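**Student:** Pasting in a structure now, in structure tokens, and then I'll have a few things to ask.
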2 protein chains.
Amino acid sequence: MIERPHPHANDITQLILAVFRLNGALIEAGNRLGAPVGLTSARWQVLGVIEHGPAPVAHVARTMGLARQSVQQTADALERDGLIEYRPNPHHRRAKLMCLTPKGREALDYVQAQLAEWSERIGTGLDPEQLRAATELLHSISARVERDSHDEEAS
Amino acid sequence: MIERPHPHANDITQLILAVFRLNGALIEAGNRLGAPVGLTSARWQVLGVIEHGPAPVAHVARTMGLARQSVQQTADALERDGLIEYRPNPHHRRAKLMCLTPKGREALDYVQAQLAEWSERIGTGLDPEQLRAATELLHSISARVERDSHDEEAS
DNA sequence: ATCAACTTGACAGTATCCTGTCATAATGGT
DNA sequence: ACCATTATGACAGGATACTGTCAAGTTGAT
């Protein structure tokens, strides 16, 4: 009799705990990384989205998979700190464009340089195949979890 | 010439994004799961820790890897909702013990039953070997990230 | 026994995410 | 041209995490 793959609930639980833990560690690392230029994970991730061209808040939110309002808060903070500025949008009167200021550009450059070094430190010695396999597995689980949530809410 | 495993920064970035996405999906799923009995992910996870015996807030926080103060807020909310109650601790006058009330027990039972079904739905068809391999990889990355953060803060 | 160090809960403040709601701007079908 | 729908920013409020600080309880070294 051939056993169909059927993981114990425990295998999944362990993976979930590992995801929670890594998530926390990554956010903390991101905060440390941007701290010298006054950026947090949330803030430099927003800057990264408008790096190659201005965009309205709602567009950035969609790109990042966050609520419009969350990004709005972050963006307002970035404006207060002078890292971005809002400019009129020729195509939409309400949806002002978020633009990097020189100060924002400088801060983002710093973070990206730090991030490159960090990736190098973290990644050396890891097997690229395993990384890609794990990434694929996580995606497939995300898809299942999201679909399951969606199905339940429909029923 | 044998290539030493040396992942592109991109492989790591992709894994990080997958972790963020799955983390979000899991929290949302946990919230949905406990909603019928008024529990969120954060709350039933706390209940789970004191399931097999009362414990003070600080102990629960250590178990969960959270700050004492975060669990305190959750615990106070659980007490307001009548799911736990604080009892005097014979071994420590300040550190009151968090105890499940019957109402809390009932809610936790419900969540755990739901969780079992959920794990079943999510887990079927996944390869246990891959799950364990991914878990191990995530742990190893967590360890690297945490050690890296720790080293930087020391220097 | 005393005192320093640690632990604990409490309180204040902050960051980041969320939902809900509103008015205004843009869009598409009739 | 009109109107319903959708998109957007603004504002309010809540949940979950954090740090910092304080006073009180506990513990251990001397």
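In the structure tokens, each chain is lettered A, B, ... as it comes, each chain's residues begin at 1, and ligands are numbered from 1 in order of appearance.
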Sorted by chain and rising residue number, list the residues of chain A at most 8 Å from chain B (counting only C-alpha atoms), each with its closest atom pair and distance in Å to one decimal, as JSON lines.
**Tutor:**
{"residue": "A:Arg4", "atom": "CA", "partner": "B:Gly125", "partner_atom": "CA", "distance": 7.6}
{"residue": "A:Pro5", "atom": "CA", "partner": "B:Asp127", "partner_atom": "CA", "distance": 5.3}
{"residue": "A:His6", "atom": "CA", "partner": "B:Thr124", "partner_atom": "CA", "distance": 5.5}
{"residue": "A:Pro7", "atom": "CA", "partner": "B:Pro128", "partner_atom": "CA", "distance": 4.8}
{"residue": "A:His8", "atom": "CA", "partner": "B:Pro128", "partner_atom": "CA", "distance": 7.6}
{"residue": "A:Ala9", "atom": "CA", "partner": "B:Ser119", "partner_atom": "CA", "distance": 5.9}
{"residue": "A:Asp11", "atom": "CA", "partner": "B:Leu131", "partner_atom": "CA", "distance": 6.5}
{"residue": "A:Ile12", "atom": "CA", "partner": "B:Gly123", "partner_atom": "CA", "distance": 6.9}
{"residue": "A:Gln14", "atom": "CA", "partner": "B:Thr135", "partner_atom": "CA", "distance": 6.8}
{"residue": "A:Leu15", "atom": "CA", "partner": "B:Thr135", "partner_atom": "CA", "distance": 4.9}
{"residue": "A:Ile16", "atom": "CA", "partner": "B:Leu26", "partner_atom": "CA", "distance": 7.9}
{"residue": "A:Ala18", "atom": "CA", "partner": "B:His139", "partner_atom": "CA", "distance": 6.1}
{"residue": "A:Val19", "atom": "CA", "partner": "B:Val19", "partner_atom": "CA", "distance": 6.2}
{"residue": "A:Phe20", "atom": "CA", "partner": "B:Asn23", "partner_atom": "CA", "distance": 6.3}
{"residue": "A:Arg21", "atom": "CA", "partner": "B:Ser142", "partner_atom": "CA", "distance": 7.0}
{"residue": "A:Leu22", "atom": "CA", "partner": "B:Ser142", "partner_atom": "CA", "distance": 5.0}
{"residue": "A:Asn23", "atom": "CA", "partner": "B:Phe20", "partner_atom": "CA", "distance": 6.3}
{"residue": "A:Ala25", "atom": "CA", "partner": "B:Glu146", "partner_atom": "CA", "distance": 6.2}
{"residue": "A:Leu26", "atom": "CA", "partner": "B:Val145", "partner_atom": "CA", "distance": 7.1}
{"residue": "A:Ala29", "atom": "CA", "partner": "B:Ser149", "partner_atom": "CA", "distance": 6.1}
{"residue": "A:Arg32", "atom": "CA", "partner": "B:Ser149", "partner_atom": "CA", "distance": 7.6}
{"residue": "A:Ala116", "atom": "CA", "partner": "B:Ala9", "partner_atom": "CA", "distance": 7.4}
{"residue": "A:Ser119", "atom": "CA", "partner": "B:Ala9", "partner_atom": "CA", "distance": 5.8}
{"residue": "A:Glu120", "atom": "CA", "partner": "B:Ala9", "partner_atom": "CA", "distance": 6.9}
{"residue": "A:Ile122", "atom": "CA", "partner": "B:Arg144", "partner_atom": "CA", "distance": 6.2}
{"residue": "A:Gly123", "atom": "CA", "partner": "B:Pro7", "partner_atom": "CA", "distance": 6.2}
{"residue": "A:Thr124", "atom": "CA", "partner": "B:His6", "partner_atom": "CA", "distance": 5.4}
{"residue": "A:Gly125", "atom": "CA", "partner": "B:Pro5", "partner_atom": "CA", "distance": 5.7}
{"residue": "A:Leu126", "atom": "CA", "partner": "B:Pro5", "partner_atom": "CA", "distance": 6.1}
{"residue": "A:Asp127", "atom": "CA", "partner": "B:Pro5", "partner_atom": "CA", "distance": 5.1}
{"residue": "A:Pro128", "atom": "CA", "partner": "B:Pro7", "partner_atom": "CA", "distance": 4.7}
{"residue": "A:Gln130", "atom": "CA", "partner": "B:Leu137", "partner_atom": "CA", "distance": 7.8}
{"residue": "A:Leu131", "atom": "CA", "partner": "B:Asp11", "partner_atom": "CA", "distance": 6.5}
{"residue": "A:Arg132", "atom": "CA", "partner": "B:Asp11", "partner_atom": "CA", "distance": 6.5}
{"residue": "A:Ala133", "atom": "CA", "partner": "B:Ala134", "partner_atom": "CA", "distance": 7.9}
{"residue": "A:Ala134", "atom": "CA", "partner": "B:Ala134", "partner_atom": "CA", "distance": 5.1}
{"residue": "A:Thr135", "atom": "CA", "partner": "B:Leu15", "partner_atom": "CA", "distance": 4.9}
{"residue": "A:Leu137", "atom": "CA", "partner": "B:Ala134", "partner_atom": "CA", "distance": 7.7}
{"residue": "A:Leu138", "atom": "CA", "partner": "B:Ala18", "partner_atom": "CA", "distance": 6.1}
{"residue": "A:His139", "atom": "CA", "partner": "B:Ala18", "partner_atom": "CA", "distance": 6.1}
{"residue": "A:Ile141", "atom": "CA", "partner": "B:Ile122", "partner_atom": "CA", "distance": 7.3}
{"residue": "A:Ser142", "atom": "CA", "partner": "B:Leu22", "partner_atom": "CA", "distance": 5.0}
{"residue": "A:Arg144", "atom": "CA", "partner": "B:Ile122", "partner_atom": "CA", "distance": 6.2}
{"residue": "A:Val145", "atom": "CA", "partner": "B:Ala25", "partner_atom": "CA", "distance": 6.4}
{"residue": "A:Glu146", "atom": "CA", "partner": "B:Ala25", "partner_atom": "CA", "distance": 6.2}
{"residue": "A:Asp148", "atom": "CA", "partner": "B:Ile122", "partner_atom": "CA", "distance": 7.9}
{"residue": "A:Ser149", "atom": "CA", "partner": "B:Ala29", "partner_atom": "CA", "distance": 6.1}
**Student:** Which polymer residues have any atom within 12 Å of an atom of C:DG29, counting only C-alpha atoms (C1' of nucleotides), with same-chain residues fewer than 6 positions away left out, as a list in words?
**Tutor:**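 So the residues in contact are DC2, DC3, DA4 and DT5 of chain D.
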**Student:** List the neighbours of C:DA26 out to 10 Å using only C-alpha atoms (C1' of nucleotides); skip same-chain residues closer than 6 positions along the sequence, and give me the result as a VMD selection string.
**Tutor:** (chain A and resid 91 to 94) or (chain D and resid 6 to 8)
**Student:** Only C-alpha atoms (C1' of nucleotides), please: the residues just picked out, written as a compact mmCIF listing (two decimals), in the first residue's frame.
**Tutor:**
# COMPACT_ATOMS: atom_id res chain seq x y z
CA HIS A 91 -4.08 62.91 -14.48
CA HIS A 92 -6.01 63.06 -11.21
CA ARG A 93 -6.67 66.07 -9.05
CA ARG A 94 -7.04 64.19 -5.76
C1' DT D 6 -15.47 53.09 -8.51
C1' DA D 7 -11.18 55.29 -6.82
C1' DT D 8 -8.99 58.30 -3.74
**Student:** I need the chain B residues near chain C as a list of chain:residue names; criterion: at most 10 Å, counting only C-alpha atoms (C1' of nucleotides).
**Tutor:** B:Pro56, B:Val57, B:Ala58, B:His59, B:Arg68, B:Gln69, B:Gln72, B:His92, B:Arg93, B:Arg94, B:Ala95, B:Lys96
**Student:** Restricting it to N, CA and C atoms, dump the selection as a PDB file, in the first residue's frame.
**Tutor:**
ATOM      1  N   PRO B  56       1.727  33.148  35.143  1.00  0.00           N
ATOM      2  CA  PRO B  56       1.746  34.615  35.158  1.00  0.00           C
ATOM      3  C   PRO B  56       2.016  35.163  33.762  1.00  0.00           C
ATOM      4  N   VAL B  57       1.662  36.413  33.574  1.00  0.00           N
ATOM      5  CA  VAL B  57       1.802  37.058  32.273  1.00  0.00           C
ATOM      6  C   VAL B  57       3.226  36.969  31.740  1.00  0.00           C
ATOM      7  N   ALA B  58       4.200  37.273  32.582  1.00  0.00           N
ATOM      8  CA  ALA B  58       5.589  37.314  32.114  1.00  0.00           C
ATOM      9  C   ALA B  58       6.041  35.943  31.610  1.00  0.00           C
ATOM     10  N   HIS B  59       5.528  34.899  32.230  1.00  0.00           N
ATOM     11  CA  HIS B  59       5.903  33.557  31.808  1.00  0.00           C
ATOM     12  C   HIS B  59       5.331  33.241  30.428  1.00  0.00           C
ATOM     13  N   ARG B  68       6.691  41.327  27.468  1.00  0.00           N
ATOM     14  CA  ARG B  68       5.805  41.182  28.623  1.00  0.00           C
ATOM     15  C   ARG B  68       4.563  42.056  28.469  1.00  0.00           C
ATOM     16  N   GLN B  69       4.807  43.290  28.044  1.00  0.00           N
ATOM     17  CA  GLN B  69       3.742  44.293  27.987  1.00  0.00           C
ATOM     18  C   GLN B  69       2.705  43.980  26.918  1.00  0.00           C
ATOM     19  N   GLN B  72       0.490  41.422  28.341  1.00  0.00           N
ATOM     20  CA  GLN B  72      -0.329  42.026  29.393  1.00  0.00           C
ATOM     21  C   GLN B  72      -1.603  42.627  28.814  1.00  0.00           C
ATOM     22  N   HIS B  92       4.167  33.980  44.582  1.00  0.00           N
ATOM     23  CA  HIS B  92       4.629  35.317  44.183  1.00  0.00           C
ATOM     24  C   HIS B  92       3.456  36.270  44.286  1.00  0.00           C
ATOM     25  N   ARG B  93       3.573  37.231  45.197  1.00  0.00           N
ATOM     26  CA  ARG B  93       2.421  38.074  45.460  1.00  0.00           C
ATOM     27  C   ARG B  93       2.029  38.938  44.258  1.00  0.00           C
ATOM     28  N   ARG B  94       3.034  39.435  43.517  1.00  0.00           N
ATOM     29  CA  ARG B  94       2.691  40.318  42.393  1.00  0.00           C
ATOM     30  C   ARG B  94       2.222  39.546  41.164  1.00  0.00           C
ATOM     31  N   ALA B  95       2.874  38.416  40.906  1.00  0.00           N
ATOM     32  CA  ALA B  95       2.641  37.700  39.652  1.00  0.00           C
ATOM     33  C   ALA B  95       1.376  36.839  39.719  1.00  0.00           C
ATOM     34  N   LYS B  96       0.225  37.495  39.581  1.00  0.00           N
ATOM     35  CA  LYS B  96      -1.044  36.764  39.581  1.00  0.00           C
ATOM     36  C   LYS B  96      -1.051  35.728  38.461  1.00  0.00           C
TER      37      LYS B  96
END
**Student:** Using only C-alpha atoms (C1' of nucleotides), can you tell me which of B:Ala42, B:Ala107, B:Cys99, B:Leu78 comes closest to chain D?
**Tutor:** B:Ala42
**Student:** Write out as a PyMOL selection string every residue belonging to chain D that has an atom at most 8 Å from any atom of chain B, counting only C-alpha atoms (C1' of nucleotides).
**Tutor:** chain D and resi 16-18+24-26
**Student:** Please, could you write that set of residues out with C-alpha atoms (C1' of nucleotides) as a PDB file, in the first residue's frame?
**Tutor:**
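Contents of the output file again.pdb:
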ATOM      1  C1'  DT D  16      -1.119  44.085  18.170  1.00  0.00           C
ATOM      2  C1'  DA D  17       3.352  44.686  18.740  1.00  0.00           C
ATOM      3  C1'  DC D  18       7.360  47.585  20.654  1.00  0.00           C
ATOM      4  C1'  DA D  24       6.891  46.649  44.491  1.00  0.00           C
ATOM      5  C1'  DG D  25       8.039  41.796  45.200  1.00  0.00           C
ATOM      6  C1'  DT D  26      11.716  38.181  45.056  1.00  0.00           C
TER       7       DT D  26
END
**Student:** To one decimal place in Å, what is the distance between atom CA of A:Asp109 and atom CA of A:Gln45?
**Tutor:**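 Calculated distance between atom CA of A:Asp109 and atom CA of A:Gln45 is 12.3 Å.
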**Student:** Could you tell me, as a ChimeraX atom specification, which residues of stretch 23-118 of chain A DSSP assigns to alpha helix (DSSP H) when given the backbone?
**Tutor:** /A:23-34,41-49,57-64,68-80,102-118
**Student:** Please identify which residues in stretch 31-134 of chain B DSSP calls strand (DSSP E or B) from the backbone, and express them as a PyMOL selection string.
**Tutor:** chain B and resi 55+84-89+92-100
**Student:** Would you save the residues from that selection as a CSV table (one decimal), in the first residue's frame, using N, CA and C atoms?
**Tutor:**
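Produced file part-v7.csv, reproduced below:
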chain,number,residue,atom,x,y,z
B,55,ALA,N,-0.5,30.4,34.6
B,55,ALA,CA,0.8,31.0,34.5
B,55,ALA,C,0.7,32.5,34.6
B,84,ILE,N,-10.5,34.6,30.8
B,84,ILE,CA,-9.6,34.2,31.8
B,84,ILE,C,-9.9,35.0,33.1
B,85,GLU,N,-9.3,34.5,34.2
B,85,GLU,CA,-9.4,35.3,35.4
B,85,GLU,C,-8.0,35.3,36.1
B,86,TYR,N,-7.7,36.3,36.8
B,86,TYR,CA,-6.4,36.4,37.6
B,86,TYR,C,-6.7,35.8,39.0
B,87,ARG,N,-5.8,34.8,39.4
B,87,ARG,CA,-5.9,34.3,40.7
B,87,ARG,C,-4.6,34.6,41.5
B,88,PRO,N,-4.7,34.7,42.8
B,88,PRO,CA,-3.5,34.9,43.5
B,88,PRO,C,-2.5,33.8,43.3
B,89,ASN,N,-1.2,34.2,43.3
B,89,ASN,CA,-0.1,33.2,43.1
B,89,ASN,C,0.5,32.9,44.5
B,92,HIS,N,4.2,34.0,44.6
B,92,HIS,CA,4.6,35.3,44.2
B,92,HIS,C,3.5,36.3,44.3
B,93,ARG,N,3.6,37.2,45.2
B,93,ARG,CA,2.4,38.1,45.5
B,93,ARG,C,2.0,38.9,44.3
B,94,ARG,N,3.0,39.4,43.5
B,94,ARG,CA,2.7,40.3,42.4
B,94,ARG,C,2.2,39.5,41.2
B,95,ALA,N,2.9,38.4,40.9
B,95,ALA,CA,2.6,37.7,39.7
B,95,ALA,C,1.4,36.8,39.7
B,96,LYS,N,0.2,37.5,39.6
B,96,LYS,CA,-1.0,36.8,39.6
B,96,LYS,C,-1.1,35.7,38.5
B,97,LEU,N,-1.8,34.7,38.7
B,97,LEU,CA,-1.9,33.6,37.7
B,97,LEU,C,-3.1,33.8,36.7
B,98,MET,N,-2.8,33.6,35.4
B,98,MET,CA,-3.8,33.7,34.4
B,98,MET,C,-4.5,32.3,34.4
B,99,CYS,N,-5.8,32.2,34.6
B,99,CYS,CA,-6.5,30.9,34.6
B,99,CYS,C,-7.6,31.0,33.6
B,100,LEU,N,-7.8,29.9,32.9
B,100,LEU,CA,-8.9,29.8,31.9
B,100,LEU,C,-10.2,29.7,32.7
**Student:** Find the distance between atom CA of A:Ala113 and atom CA of A:Gly34 and write it in Å to one decimal.
**Tutor:**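 Atom CA of A:Ala113 sits 10.5 Å away from atom CA of A:Gly34.
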**Student:** So the first atom is atom C1' of D:DA29 and the second is atom CA of B:Arg62; what is the distance between them in Å, to one decimal place?
**Tutor:**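 Separation of atom C1' of D:DA29 and atom CA of B:Arg62: 26.5 Å.
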